[in-house]
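Q: Next comes the structure file query.csv, holding CSV, C-alpha atoms and all ligand atoms.
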```csv
chain,number,residue,atom,x,y,z
A,428,MET,CA,11.1,11.1,7.6
A,429,TRP,CA,9.7,8.8,5.0
A,430,VAL,CA,10.7,5.5,3.5
A,431,TYR,CA,10.0,5.2,-0.2
A,432,GLU,CA,8.9,1.9,-1.7
A,433,LYS,CA,9.5,1.8,-5.4
A,434,LYS,CA,6.1,0.5,-6.4
A,435,LEU,CA,2.5,1.7,-6.6
A,436,GLN,CA,0.1,1.1,-3.7
A,437,TYR,CA,-2.2,-0.5,-6.2
A,438,PRO,CA,-1.4,-1.5,-9.8
A,439,VAL,CA,-2.4,1.0,-12.4
A,440,ARG,CA,-3.6,-0.4,-15.7
A,441,VAL,CA,-5.1,1.6,-18.6
A,442,SER,CA,-6.6,-0.4,-21.4
A,443,THR,CA,-7.6,2.3,-23.9
A,444,CYS,CA,-5.6,5.1,-25.6
A,445,ASN,CA,-7.8,8.0,-24.4
A,446,PRO,CA,-6.0,11.2,-23.5
A,447,THR,CA,-9.4,12.9,-22.8
A,448,LEU,CA,-9.6,10.8,-19.6
A,449,ALA,CA,-6.3,12.3,-18.5
A,450,LYS,CA,-7.9,15.8,-18.6
A,451,TYR,CA,-10.6,14.6,-16.2
A,452,LEU,CA,-8.2,12.7,-13.9
A,453,ILE,CA,-6.0,15.7,-13.4
A,454,GLU,CA,-8.8,16.9,-11.1
A,455,GLN,CA,-7.6,14.4,-8.5
A,456,TYR,CA,-4.0,15.6,-9.1
A,457,GLY,CA,-4.2,19.3,-8.6
A,458,GLY,CA,-7.9,20.0,-7.8
A,459,ALA,CA,-9.4,21.4,-4.6
A,460,ASP,CA,-10.3,17.9,-3.4
A,461,GLY,CA,-7.5,16.1,-5.0
A,462,GLU,CA,-4.7,14.0,-3.5
A,463,LEU,CA,-2.1,16.8,-3.3
A,464,ALA,CA,-4.5,19.0,-1.3
A,465,ALA,CA,-5.3,16.0,0.9
A,466,ALA,CA,-1.7,15.1,1.6
A,467,LEU,CA,-0.6,18.6,2.4
A,468,ARG,CA,-3.7,19.4,4.5
A,469,TYR,CA,-3.3,16.4,6.8
A,470,LEU,CA,0.5,16.5,7.1
A,471,ASN,CA,0.3,20.1,8.1
A,472,GLN,CA,-2.7,19.9,10.5
A,473,ARG,CA,-1.1,17.1,12.5
A,474,TYR,CA,1.3,19.5,14.5
A,475,THR,CA,-1.6,21.2,16.3
A,476,ILE,CA,-3.9,18.3,17.1
A,477,PRO,CA,-4.1,16.2,20.3
A,478,ASP,CA,-1.4,13.5,20.4
A,479,LYS,CA,-3.7,10.6,20.1
A,480,VAL,CA,-4.8,11.5,16.5
A,481,VAL,CA,-1.4,12.8,15.2
A,482,GLY,CA,-0.5,9.3,14.0
A,483,LEU,CA,-3.7,9.0,12.0
A,484,LEU,CA,-3.1,12.3,10.2
A,485,THR,CA,0.5,11.2,9.4
A,486,ASP,CA,-0.6,7.8,8.1
A,487,ILE,CA,-3.5,9.1,5.9
A,488,GLY,CA,-1.4,12.1,4.7
A,489,THR,CA,1.3,9.7,3.7
A,490,GLU,CA,-1.1,7.4,1.9
A,491,GLU,CA,-2.5,10.4,-0.1
A,492,PHE,CA,0.9,10.8,-1.7
A,493,ALA,CA,0.8,7.2,-2.7
A,494,HIS,CA,-2.6,8.0,-4.3
A,495,LEU,CA,-1.1,11.1,-6.0
A,496,GLU,CA,1.5,8.8,-7.5
A,497,MET,CA,-1.2,6.5,-8.9
A,498,ILE,CA,-3.1,9.4,-10.5
A,499,ALA,CA,0.2,10.7,-12.0
A,500,THR,CA,0.8,7.2,-13.4
A,501,MET,CA,-2.7,7.1,-15.0
A,502,VAL,CA,-2.3,10.6,-16.5
A,503,TYR,CA,1.2,9.8,-17.8
A,504,LYS,CA,0.1,6.5,-19.4
A,505,LEU,CA,-2.9,8.2,-21.1
A,506,THR,CA,-0.8,11.0,-22.6
A,507,LYS,CA,2.7,9.8,-23.1
A,508,ASP,CA,2.2,8.6,-26.7
A,509,ALA,CA,-0.4,11.2,-27.8
A,510,THR,CA,0.4,13.4,-30.7
A,511,PRO,CA,-0.1,17.2,-30.5
A,512,ASP,CA,-3.2,16.7,-32.6
A,513,GLN,CA,-4.6,14.1,-30.2
A,514,MET,CA,-3.8,16.4,-27.2
A,515,LYS,CA,-5.8,19.1,-29.0
A,516,ALA,CA,-8.7,16.8,-29.7
A,517,ALA,CA,-8.7,15.8,-26.1
A,518,GLY,CA,-9.0,19.4,-25.0
A,519,LEU,CA,-5.5,19.5,-23.8
A,520,SER,CA,-4.0,22.0,-26.2
A,521,GLY,CA,-3.8,24.6,-23.5
A,522,HIS,CA,-1.9,22.2,-21.3
A,523,PHE,CA,0.3,21.2,-24.2
A,524,ALA,CA,1.2,24.8,-25.0
A,525,ASP,CA,2.5,25.3,-21.5
A,526,HIS,CA,3.8,21.9,-20.4
A,527,ASP,CA,4.1,19.6,-23.4
A,528,LYS,CA,3.4,16.2,-21.8
A,529,ALA,CA,4.6,17.2,-18.3
A,530,LEU,CA,2.2,16.8,-15.5
A,531,PHE,CA,1.2,19.9,-13.6
A,532,TYR,CA,-0.8,20.7,-10.5
A,533,HIS,CA,-4.0,22.1,-11.9
A,534,ASN,CA,-7.6,20.9,-12.0
A,535,ALA,CA,-9.6,19.5,-14.9
A,536,ALA,CA,-10.4,23.1,-15.9
A,537,GLY,CA,-6.8,24.1,-15.9
A,538,VAL,CA,-6.9,26.2,-12.7
A,539,PRO,CA,-3.6,25.9,-10.9
A,540,TRP,CA,-3.5,24.4,-7.4
A,541,THR,CA,-3.6,26.9,-4.5
A,542,ALA,CA,-3.0,26.6,-0.8
A,543,THR,CA,-6.4,28.3,-0.3
A,544,TYR,CA,-8.0,24.9,-1.1
A,545,ILE,CA,-6.9,23.7,2.3
A,546,GLN,CA,-7.2,25.0,5.9
A,547,ALA,CA,-5.5,24.5,9.3
A,548,LYS,CA,-7.8,26.1,11.8
A,549,GLY,CA,-5.9,24.9,14.9
A,550,ASP,CA,-9.3,23.8,16.4
A,551,PRO,CA,-9.2,20.0,16.4
A,552,ILE,CA,-12.9,19.5,15.8
A,553,ALA,CA,-13.0,22.1,13.0
A,554,ASP,CA,-10.0,20.5,11.3
A,555,LEU,CA,-11.3,17.0,11.6
A,556,TYR,CA,-14.7,18.0,10.2
A,557,GLU,CA,-12.9,19.6,7.3
A,558,ASP,CA,-11.0,16.4,6.8
A,559,ILE,CA,-14.1,14.3,6.8
A,560,ALA,CA,-15.7,16.7,4.2
A,561,ALA,CA,-12.6,16.5,2.1
A,562,GLU,CA,-12.7,12.7,2.1
A,563,GLU,CA,-16.4,12.7,1.1
A,564,LYS,CA,-15.6,15.2,-1.7
A,565,ALA,CA,-12.7,13.1,-3.0
A,566,ARG,CA,-15.0,10.0,-2.9
A,567,ALA,CA,-17.6,11.9,-4.9
A,568,THR,CA,-14.9,13.0,-7.4
A,569,TYR,CA,-14.0,9.4,-8.0
A,570,GLN,CA,-17.6,8.6,-8.6
A,571,TRP,CA,-17.9,11.2,-11.3
A,572,LEU,CA,-14.6,10.1,-12.8
A,573,ILE,CA,-15.9,6.5,-13.0
A,574,ASP,CA,-19.1,7.9,-14.6
A,575,LEU,CA,-17.0,9.6,-17.2
A,576,SER,CA,-14.6,6.8,-18.0
A,577,ASP,CA,-15.2,3.8,-20.3
A,578,ASP,CA,-12.0,2.1,-19.4
A,579,PRO,CA,-12.6,-1.0,-17.2
A,580,ASP,CA,-9.0,-1.3,-16.0
A,581,LEU,CA,-8.8,2.4,-15.1
A,582,ASN,CA,-12.1,2.2,-13.3
A,583,ASP,CA,-10.8,-0.7,-11.3
A,584,GLY,CA,-8.0,1.6,-10.0
A,585,LEU,CA,-10.4,4.4,-9.4
A,586,ARG,CA,-12.8,2.1,-7.4
A,587,TYR,CA,-9.8,1.2,-5.2
A,588,LEU,CA,-9.0,4.8,-4.6
A,589,ARG,CA,-12.6,5.6,-3.8
A,590,GLU,CA,-12.7,2.8,-1.3
A,591,ARG,CA,-9.7,4.2,0.4
A,592,GLU,CA,-11.6,7.5,0.8
A,593,VAL,CA,-14.4,5.6,2.5
A,594,ILE,CA,-11.9,4.2,5.0
A,595,HIS,CA,-10.2,7.6,5.5
A,596,SER,CA,-13.5,9.2,6.3
A,597,GLN,CA,-14.4,6.4,8.7
A,598,ARG,CA,-11.1,6.9,10.6
A,599,PHE,CA,-11.5,10.7,10.8
A,600,ARG,CA,-15.0,10.1,12.1
A,601,GLU,CA,-13.5,7.8,14.8
A,602,ALA,CA,-10.9,10.5,15.6
A,603,VAL,CA,-13.7,12.9,16.4
A,604,GLU,CA,-15.3,10.3,18.6
A,605,MET,CA,-12.0,9.9,20.5
A,606,LEU,CA,-11.6,13.6,21.0
A,607,LYS,CA,-15.2,14.2,22.2
A,608,GLU,CA,-15.1,11.3,24.6
A,609,GLU,CA,-15.9,12.4,28.1
A,610,ARG,CA,-13.1,10.7,29.9
A,611,ASP,CA,-13.4,12.9,33.0
A,612,ARG,CA,-17.0,12.2,33.7
A,613,LYS,CA,-17.7,9.5,36.2
A,614,LYS,CA,-19.5,6.6,34.7
A,615,VAL,CA,-22.4,5.3,36.8
A,616,PHE,CA,-23.6,1.8,36.1
B,97,MET,CA,-24.1,-5.9,9.5
B,98,ASN,CA,-25.2,-4.8,6.1
B,99,LYS,CA,-28.7,-3.7,7.2
B,100,HIS,CA,-28.1,-0.4,5.2
B,101,THR,CA,-28.1,0.2,1.5
B,102,TRP,CA,-25.2,2.2,0.1
B,103,TYR,CA,-27.2,4.0,-2.4
B,104,LYS,CA,-30.5,6.0,-2.2
B,105,THR,CA,-32.6,7.5,-4.8
B,106,TYR,CA,-35.0,10.5,-5.2
B,107,ARG,CA,-37.4,11.7,-7.8
B,108,PRO,CA,-36.7,15.3,-8.8
B,109,TYR,CA,-39.5,17.6,-10.0
B,110,ILE,CA,-40.0,17.2,-13.8
B,111,SER,CA,-41.3,20.3,-15.6
B,112,PRO,CA,-43.3,19.9,-18.8
B,113,MET,CA,-41.0,22.7,-20.1
B,114,ASP,CA,-37.7,20.9,-19.6
B,115,PRO,CA,-35.4,21.0,-22.6
B,116,CYS,CA,-33.8,17.6,-22.2
B,117,PRO,CA,-35.4,14.2,-21.7
B,118,PRO,CA,-35.9,14.0,-17.9
B,119,ILE,CA,-33.8,11.8,-15.6
B,120,ARG,CA,-36.7,10.6,-13.4
B,121,VAL,CA,-34.7,8.9,-10.7
B,122,LYS,CA,-31.5,10.4,-9.3
B,123,ARG,CA,-29.1,8.2,-7.3
B,124,TYR,CA,-26.7,9.2,-4.5
B,125,SER,CA,-24.2,7.4,-2.4
B,126,THR,CA,-24.6,6.9,1.3
B,127,PRO,CA,-21.5,4.8,2.1
B,128,PRO,CA,-20.9,2.5,5.1
B,129,GLN,CA,-18.9,5.0,7.1
B,130,LEU,CA,-22.1,7.0,7.7
B,131,TYR,CA,-23.6,4.2,9.8
B,132,VAL,CA,-20.8,2.5,11.7
B,133,GLY,CA,-19.7,5.0,14.3
B,134,PHE,CA,-16.6,3.9,16.2
B,135,GLN,CA,-15.7,0.6,14.6
B,136,PRO,CA,-16.6,-2.3,17.0
B,137,PRO,CA,-14.1,-5.1,17.6
B,138,GLY,CA,-14.4,-8.5,16.0
B,139,LEU,CA,-15.8,-7.5,12.6
B,140,GLU,CA,-15.5,-9.9,9.6
B,141,GLN,CA,-12.4,-9.5,7.5
B,142,PHE,CA,-11.4,-10.3,3.9
B,143,PRO,CA,-8.5,-12.7,3.4
B,144,ALA,CA,-5.3,-10.7,3.0
B,145,LEU,CA,-5.0,-10.8,-0.8
B,146,ALA,CA,-8.7,-10.0,-1.3
B,147,ALA,CA,-8.3,-7.1,1.2
B,148,LEU,CA,-5.4,-5.6,-0.8
B,149,LYS,CA,-7.6,-5.7,-3.9
B,150,ALA,CA,-10.7,-4.4,-2.2
B,151,GLY,CA,-8.9,-1.5,-0.6
B,152,THR,CA,-10.2,-2.5,2.9
B,153,LEU,CA,-9.6,-5.3,5.3
B,154,TRP,CA,-13.2,-5.0,6.6
B,155,LYS,CA,-16.1,-6.5,4.7
B,156,CYS,CA,-18.6,-4.0,6.2
B,157,PHE,CA,-16.7,-1.0,4.6
B,158,TYR,CA,-16.5,-2.5,1.1
B,159,ASP,CA,-18.7,-0.5,-1.2
B,160,PRO,CA,-17.5,-0.5,-4.8
B,161,TYR,CA,-19.0,2.2,-7.0
B,162,TYR,CA,-20.2,1.4,-10.5
B,163,SER,CA,-21.5,3.9,-13.0
B,164,MET,CA,-25.0,3.4,-14.3
B,165,LYS,CA,-23.3,2.6,-17.6
B,166,GLU,CA,-21.4,-0.2,-16.0
B,167,ILE,CA,-24.4,-1.5,-14.2
B,168,LYS,CA,-26.4,-1.6,-17.4
B,169,LYS,CA,-23.6,-3.5,-19.1
B,170,GLY,CA,-23.7,-6.0,-16.2
B,171,GLU,CA,-20.1,-5.2,-15.1
B,172,ARG,CA,-21.1,-4.9,-11.5
B,173,GLU,CA,-19.5,-7.8,-9.5
C,1,FE,FE,-8.1,10.2,1.4
```
Can you turn what I pasted into structure tokens?
Ligand SMILES: [Fe+2]

A:
Amino acid sequence: MWVYEKKLQYPVRVSTCNPTLAKYLIEQYGGADGELAAALRYLNQRYTIPDKVVGLLTDIGTEEFAHLEMIATMVYKLTKDATPDQMKAAGLSGHFADHDKALFYHNAAGVPWTATYIQAKGDPIADLYEDIAAEEKARATYQWLIDLSDDPDLNDGLRYLREREVIHSQRFREAVEMLKEERDRKKVF
Amino acid sequence: MNKHTWYKTYRPYISPMDPCPPIRVKRYSTPPQLYVGFQPPGLEQFPALAALKAGTLWKCFYDPYYSMKEIKKGERE
């Protein structure tokens, strides 16, 4: 089970009224390498992985939901006061026609989220290597979002999220080290 | 600990027939986790509040990304 804390993991501030940024940010909401995909991937894989790394997948999978919430807050703040014309100018008319200002799980190009973005192979090394790759791809996505954004406050939050992907990748790499360790081999000094 | 650089560059081939002004140097990220392996004990930490802001407790993993635009504007810390 989970315990919910009614606050964001890191404060989200947006300094400019720029709904176009929301269109880009939605990539990390419902995109292939986004936070939803990450959370669902790890929290599902953890059932069929050696005990000593289950907790890591639970922790990181849970944190990804906290990141999802930050992205949602950013998108919401950037669009909540936009007029239909501003939504149109931001390239969000298709989104507006279907969802008004509601958030939805699709990527920056409007493609809806699909479970085919993630995998659970049941092979611990294959799954952890996928997880490492997913973290590096999420890190890269944050880089491209920072490149696209002119909003210093938003970029501060995005830099925080990218840093977390660095740490997640590090921990998954350590998980691989733990699983490949040759415990049974006699060490000769 | 920081004997590595977190960014590398390369020079792509530039054709005389390219339609756009060439970007002569391309940059890519090679962040700290590529070099550390299993984290050794006793590494230097940020103070608690700075760690919450940085997104990591460990100084060796701190690699904030700035766009070229931000770097040119001198926004890089
Ligand atoms: Fe992550």

Q: Quick one, how far is atom CA of B:Tyr161 from atom CA of A:Gly488?

A: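 Rounded to one decimal, the two atoms are 23.3 Å apart.
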
Q: Under the rule that all atoms listed in the file are counted, which of A:Phe523, A:Tyr544, A:Tyr556, A:Tyr469 is the nearest residue to ligand FE 1 (chain C)?

A: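 The shortest atom-to-atom distance to ligand FE 1 (chain C) comes from A:Tyr469.
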
Q: Select, as a PyMOL selection string, those residues of chain A with any atom no more than 8 Å from chain B (distances computed using only C-alpha atoms).

A: chain A and resi 437+570+573-574+586-591+593-594+596-597+600-601+604

Q: Extract, using only C-alpha atoms, all DNA, RNA and protein residues at most 8 Å from A:Lys450, discarding same-chain residues fewer than 2 positions from it, and format them as JSON, numbers by chain.

A: {"A": [446, 447, 448, 452, 453, 454, 502, 517, 518, 519, 535]}

Q: In Å to one decimal, how far is atom CA of A:Ala542 from atom CA of A:Ala466?

A: 11.8 Å

Q: Find the residues near ligand FE 1 (chain C). Use a cut-off of 6 Å, count only C-alpha atoms and all ligand atoms, and write them as JSON, numbers by chain.

A: {"A": [491, 562, 592, 595]}

Q: Produce a file of the selected residues containing C-alpha atoms, as a PDB file, keeping the file's coordinate frame.

A:
```pdb
ATOM      1  CA  GLU A 491      -2.500  10.400  -0.100  1.00  0.00           C
ATOM      2  CA  GLU A 562     -12.700  12.700   2.100  1.00  0.00           C
ATOM      3  CA  GLU A 592     -11.600   7.500   0.800  1.00  0.00           C
ATOM      4  CA  HIS A 595     -10.200   7.600   5.500  1.00  0.00           C
TER       5      HIS A 595
END
```

Q: Have a look at atom CA of B:Arg123 and atom CA of B:Tyr103 and let me know their distance in Å, one decimal.

A: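 Answer for the atom CA of B:Arg123 to atom CA of B:Tyr103 separation: 6.7 Å.
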
Q: Between A:Ala449, A:Ala516, A:Ile545, A:Gly458, which one has atoms that come closest to A:Thr500, using all atoms listed in the file?

A: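 Closest to A:Thr500 of all the choices is A:Ala449.
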
Q: Taking (-14.9, 12.2, -8.6) as a centre in this file's frame and 10 Å as the limit, can you find every polymer residue with an atom that close, using all atoms listed in the file, and give them as a PyMOL selection string?

A: chain A and resi 451-452+454-455+460-461+563-575+585+589

Q: Which one is closest to B:Leu139: B:Thr126, B:Lys104, B:Cys156, B:Val121? Count all atoms listed in the file.

A: B:Cys156

Q: A:Asp583, A:Glu557, A:Tyr503, A:Glu609: which is nearest B:Arg172, counting only C-alpha atoms?

A: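 Answer, going by the shortest atom-to-atom distance: A:Asp583.
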